[in-house]
$ cat target30.pdb   # PDB, C-alpha atoms
ATOM      1  CA  MET A   1     -20.741  -9.189  -2.671  1.00  0.00           C
ATOM      2  CA  GLU A   2     -18.674  -7.006  -4.932  1.00  0.00           C
ATOM      3  CA  LYS A   3     -16.271  -8.237  -7.575  1.00  0.00           C
ATOM      4  CA  ASN A   4     -13.583  -6.170  -9.282  1.00  0.00           C
ATOM      5  CA  SER A   5     -10.535  -6.798 -11.419  1.00  0.00           C
ATOM      6  CA  VAL A   6      -7.315  -5.292 -10.069  1.00  0.00           C
ATOM      7  CA  LYS A   7      -6.253  -4.722 -13.684  1.00  0.00           C
ATOM      8  CA  ALA A   8      -8.923  -2.012 -13.987  1.00  0.00           C
ATOM      9  CA  PHE A   9      -7.086  -0.035 -11.277  1.00  0.00           C
ATOM     10  CA  MET A  10      -3.581  -0.339 -12.756  1.00  0.00           C
ATOM     11  CA  GLU A  11      -3.319   3.129 -14.317  1.00  0.00           C
ATOM     12  CA  TYR A  12       0.023   4.884 -14.706  1.00  0.00           C
ATOM     13  CA  ASN A  13       0.822   8.576 -15.110  1.00  0.00           C
ATOM     14  CA  ASP A  14       4.064  10.073 -16.442  1.00  0.00           C
ATOM     15  CA  GLU A  15       3.907  12.946 -13.918  1.00  0.00           C
ATOM     16  CA  LYS A  16       3.477  11.075 -10.613  1.00  0.00           C
ATOM     17  CA  PHE A  17       2.366   7.799  -9.066  1.00  0.00           C
ATOM     18  CA  THR A  18      -1.388   7.108  -9.044  1.00  0.00           C
ATOM     19  CA  LYS A  19      -3.737   5.894  -6.325  1.00  0.00           C
ATOM     20  CA  ARG A  20      -6.972   4.171  -7.366  1.00  0.00           C
ATOM     21  CA  ILE A  21      -9.413   3.311  -4.568  1.00  0.00           C
ATOM     22  CA  ILE A  22     -11.198  -0.023  -4.985  1.00  0.00           C
ATOM     23  CA  TYR A  23     -13.138  -0.286  -1.716  1.00  0.00           C
ATOM     24  CA  LYS A  24     -13.811   2.064   1.182  1.00  0.00           C
ATOM     25  CA  LYS A  25     -15.955   0.246   3.724  1.00  0.00           C
ATOM     26  CA  GLY A  26     -16.193   1.307   7.353  1.00  0.00           C
ATOM     27  CA  GLU A  27     -12.709   1.416   8.841  1.00  0.00           C
ATOM     28  CA  THR A  28     -11.016  -0.360   5.923  1.00  0.00           C
ATOM     29  CA  THR A  29      -9.787   0.994   2.600  1.00  0.00           C
ATOM     30  CA  ALA A  30      -8.325  -1.000  -0.300  1.00  0.00           C
ATOM     31  CA  PHE A  31      -6.581   0.614  -3.239  1.00  0.00           C
ATOM     32  CA  VAL A  32      -3.875   0.198  -5.867  1.00  0.00           C
ATOM     33  CA  LEU A  33      -0.755   2.373  -6.024  1.00  0.00           C
ATOM     34  CA  ASN A  34       0.900   2.525  -9.458  1.00  0.00           C
ATOM     35  CA  PHE A  35       4.481   3.691 -10.067  1.00  0.00           C
ATOM     36  CA  LEU A  36       6.510   4.157 -13.221  1.00  0.00           C
ATOM     37  CA  PRO A  37      10.292   3.714 -12.891  1.00  0.00           C
ATOM     38  CA  GLY A  38      11.776   6.346 -10.576  1.00  0.00           C
ATOM     39  CA  GLN A  39       8.450   7.384  -9.019  1.00  0.00           C
ATOM     40  CA  ALA A  40       8.148   7.306  -5.236  1.00  0.00           C
ATOM     41  CA  LEU A  41       5.727   7.492  -2.326  1.00  0.00           C
ATOM     42  CA  PRO A  42       7.017   9.949   0.325  1.00  0.00           C
ATOM     43  CA  ALA A  43       7.720   8.780   3.878  1.00  0.00           C
ATOM     44  CA  HIS A  44       4.649   8.799   6.111  1.00  0.00           C
ATOM     45  CA  LYS A  45       2.897   6.972   8.965  1.00  0.00           C
ATOM     46  CA  HIS A  46      -0.609   5.582   9.445  1.00  0.00           C
ATOM     47  CA  PRO A  47      -1.282   5.979  13.188  1.00  0.00           C
ATOM     48  CA  GLY A  48      -3.900   3.516  14.429  1.00  0.00           C
ATOM     49  CA  THR A  49      -3.909   1.676  11.106  1.00  0.00           C
ATOM     50  CA  GLU A  50      -2.245  -1.536   9.980  1.00  0.00           C
ATOM     51  CA  VAL A  51      -0.989  -1.505   6.381  1.00  0.00           C
ATOM     52  CA  TYR A  52      -0.931  -4.619   4.202  1.00  0.00           C
ATOM     53  CA  LEU A  53       0.692  -4.496   0.765  1.00  0.00           C
ATOM     54  CA  TYR A  54       0.837  -7.027  -2.059  1.00  0.00           C
ATOM     55  CA  VAL A  55       3.236  -6.445  -4.949  1.00  0.00           C
ATOM     56  CA  ILE A  56       1.090  -7.157  -7.992  1.00  0.00           C
ATOM     57  CA  THR A  57       3.773  -6.491 -10.569  1.00  0.00           C
ATOM     58  CA  GLY A  58       7.316  -5.133 -10.777  1.00  0.00           C
ATOM     59  CA  ASN A  59       9.899  -4.569  -8.069  1.00  0.00           C
ATOM     60  CA  GLY A  60      11.086  -1.713  -5.913  1.00  0.00           C
ATOM     61  CA  MET A  61      12.328  -0.593  -2.532  1.00  0.00           C
ATOM     62  CA  ILE A  62      10.172  -0.213   0.572  1.00  0.00           C
ATOM     63  CA  ILE A  63      11.707   1.793   3.378  1.00  0.00           C
ATOM     64  CA  THR A  64      10.370   1.307   6.922  1.00  0.00           C
ATOM     65  CA  ASP A  65      11.888   3.401   9.691  1.00  0.00           C
ATOM     66  CA  GLY A  66      14.931   4.022   7.473  1.00  0.00           C
ATOM     67  CA  LYS A  67      15.553   0.339   6.659  1.00  0.00           C
ATOM     68  CA  GLU A  68      15.482  -0.491   2.941  1.00  0.00           C
ATOM     69  CA  THR A  69      14.005  -3.791   1.769  1.00  0.00           C
ATOM     70  CA  GLU A  70      13.785  -4.787  -1.866  1.00  0.00           C
ATOM     71  CA  VAL A  71      10.390  -6.193  -2.839  1.00  0.00           C
ATOM     72  CA  PHE A  72       9.351  -8.212  -5.859  1.00  0.00           C
ATOM     73  CA  GLU A  73       6.200  -9.363  -7.609  1.00  0.00           C
ATOM     74  CA  ALA A  74       4.002 -11.533  -5.342  1.00  0.00           C
ATOM     75  CA  ASP A  75       5.654 -10.321  -2.101  1.00  0.00           C
ATOM     76  CA  LEU A  76       3.401  -9.594   0.881  1.00  0.00           C
ATOM     77  CA  ILE A  77       4.324  -6.811   3.298  1.00  0.00           C
ATOM     78  CA  HIS A  78       2.855  -5.721   6.643  1.00  0.00           C
ATOM     79  CA  VAL A  79       3.690  -2.291   8.084  1.00  0.00           C
ATOM     80  CA  ASN A  80       2.714  -1.549  11.691  1.00  0.00           C
ATOM     81  CA  SER A  81       0.790   1.595  12.545  1.00  0.00           C
ATOM     82  CA  TYR A  82       3.815   3.130  14.284  1.00  0.00           C
ATOM     83  CA  GLU A  83       6.333   2.533  11.461  1.00  0.00           C
ATOM     84  CA  GLU A  84       7.225   5.256   8.973  1.00  0.00           C
ATOM     85  CA  MET A  85       7.155   3.925   5.423  1.00  0.00           C
ATOM     86  CA  SER A  86       7.961   5.017   1.898  1.00  0.00           C
ATOM     87  CA  PHE A  87       8.292   3.247  -1.451  1.00  0.00           C
ATOM     88  CA  LYS A  88      10.298   3.791  -4.622  1.00  0.00           C
ATOM     89  CA  ASN A  89      10.114   2.025  -7.955  1.00  0.00           C
ATOM     90  CA  SER A  90      13.812   1.306  -8.316  1.00  0.00           C
ATOM     91  CA  GLY A  91      13.314  -1.085 -11.224  1.00  0.00           C
ATOM     92  CA  THR A  92      12.868  -0.608 -14.951  1.00  0.00           C
ATOM     93  CA  ASP A  93       9.242  -1.765 -15.181  1.00  0.00           C
ATOM     94  CA  PRO A  94       6.000  -0.316 -13.797  1.00  0.00           C
ATOM     95  CA  VAL A  95       5.053  -1.355 -10.255  1.00  0.00           C
ATOM     96  CA  SER A  96       1.546  -1.823  -8.847  1.00  0.00           C
ATOM     97  CA  LEU A  97       0.874  -2.393  -5.154  1.00  0.00           C
ATOM     98  CA  TYR A  98      -2.453  -3.591  -3.752  1.00  0.00           C
ATOM     99  CA  VAL A  99      -2.836  -1.880  -0.368  1.00  0.00           C
ATOM    100  CA  VAL A 100      -5.278  -2.486   2.481  1.00  0.00           C
ATOM    101  CA  LEU A 101      -5.493  -0.015   5.364  1.00  0.00           C
ATOM    102  CA  SER A 102      -7.227  -1.479   8.396  1.00  0.00           C
ATOM    103  CA  LYS A 103      -7.944   0.595  11.498  1.00  0.00           C
ATOM    104  CA  THR A 104      -7.020  -0.972  14.806  1.00  0.00           C
ATOM    105  CA  PRO A 105      -9.283  -0.563  17.815  1.00  0.00           C
ATOM    106  CA  SER A 106      -8.180   1.952  20.403  1.00  0.00           C
ATOM    107  CA  ASP A 107      -6.816   0.699  23.723  1.00  0.00           C
ATOM    108  CA  GLN A 108     -10.064   1.805  25.365  1.00  0.00           C
ATOM    109  CA  TYR A 109     -12.058  -0.398  22.984  1.00  0.00           C
ATOM    110  CA  ALA A 110      -9.679  -3.347  23.465  1.00  0.00           C
ATOM    111  CA  LYS A 111     -10.061  -3.174  27.250  1.00  0.00           C
ATOM    112  CA  ASN A 112     -13.847  -3.542  26.922  1.00  0.00           C
ATOM    113  CA  ILE A 113     -13.642  -6.786  24.960  1.00  0.00           C
TER     114      ILE A 113
END
$ encode --input "target30.pdb" --output "structure tokens"
Amino acid sequence: MEKNSVKAFMEYNDEKFTKRIIYKKGETTAFVLNFLPGQALPAHKHPGTEVYLYVITGNGMIITDGKETEVFEADLIHVNSYEEMSFKNSGTDPVSLYVVLSKTPSDQYAKNI
């Protein structure tokens, strides 16, 4: 077992958003993204990976495939592996997101189960 405090990974930088990895085990990675007001994560995809986000603190805008959705503290978000996503801190307070990336088995693997 490993125990960590998410607060230890909530580090902000005036220049750009920060990414602090908490766990990297096998095909799964967990980390915290930290944004000051106005900072943003560029649009990107995670092919073959499911993305789970938890808004620890603050609020902002998540954009998936061009659709904007406002998110707030304690919201849970799932982004499919084929969706393009980005995020912007559109609020006035810092935002921290707890993110889990989980690889999905290939179709070949799924057929053998």
$ residues_around --input "target30.pdb" --residues "segment 6-9 of chain A" --least-positions-apart "6" --cutoff "8 Å" --atoms "only C-alpha atoms" --output "PDB file with C-alpha atoms, in the coordinates of the input"
ATOM      1  CA  ARG A  20      -6.972   4.171  -7.366  1.00  0.00           C
ATOM      2  CA  ILE A  21      -9.413   3.311  -4.568  1.00  0.00           C
ATOM      3  CA  ILE A  22     -11.198  -0.023  -4.985  1.00  0.00           C
ATOM      4  CA  VAL A  32      -3.875   0.198  -5.867  1.00  0.00           C
TER       5      VAL A  32
END
$ residues_around --input "target30.pdb" --residues "segment 80-92 of chain A" --least-positions-apart "3" --cutoff "12 Å" --atoms "all atoms listed in the file" --output "PyMOL selection string"
chain A and resi 16-17+33-53+55+57-73+77+95-97+101-106
$ atom_distance --input "target30.pdb" --atom1 "atom CA of Lys24 of chain A" --atom2 "atom CA of Ala74 of chain A"
23.3 Å
$ atom_distance --input "target30.pdb" --atom1 "atom CA of Glu27 of chain A" --atom2 "atom CA of Tyr54 of chain A"
19.3 Å
$ atom_distance --input "target30.pdb" --atom1 "atom CA of Tyr98 of chain A" --atom2 "atom CA of Glu2 of chain A"
16.6 Å
$ axis_aligned_box --input "target30.pdb" --around "segment 22-31 of chain A" --padding-each-side "6 Å" --output "lines of an AutoDock Vina configuration file"
center_x = -11.4
center_y = 0.5
center_z = 1.9
size_x = 21.6
size_y = 15.1
size_z = 25.8
$ closest_residue --input "target30.pdb" --among "A:Lys3, A:Asp14, A:Asp93, A:Ile56" --to "Asp75 of chain A" --atoms "only C-alpha atoms"
A:Ile56
$ closest_residue --input "target30.pdb" --among "A:Met1, A:Met10, A:Val99, A:Leu76" --to "Phe31 of chain A" --atoms "all atoms listed in the file"
A:Val99
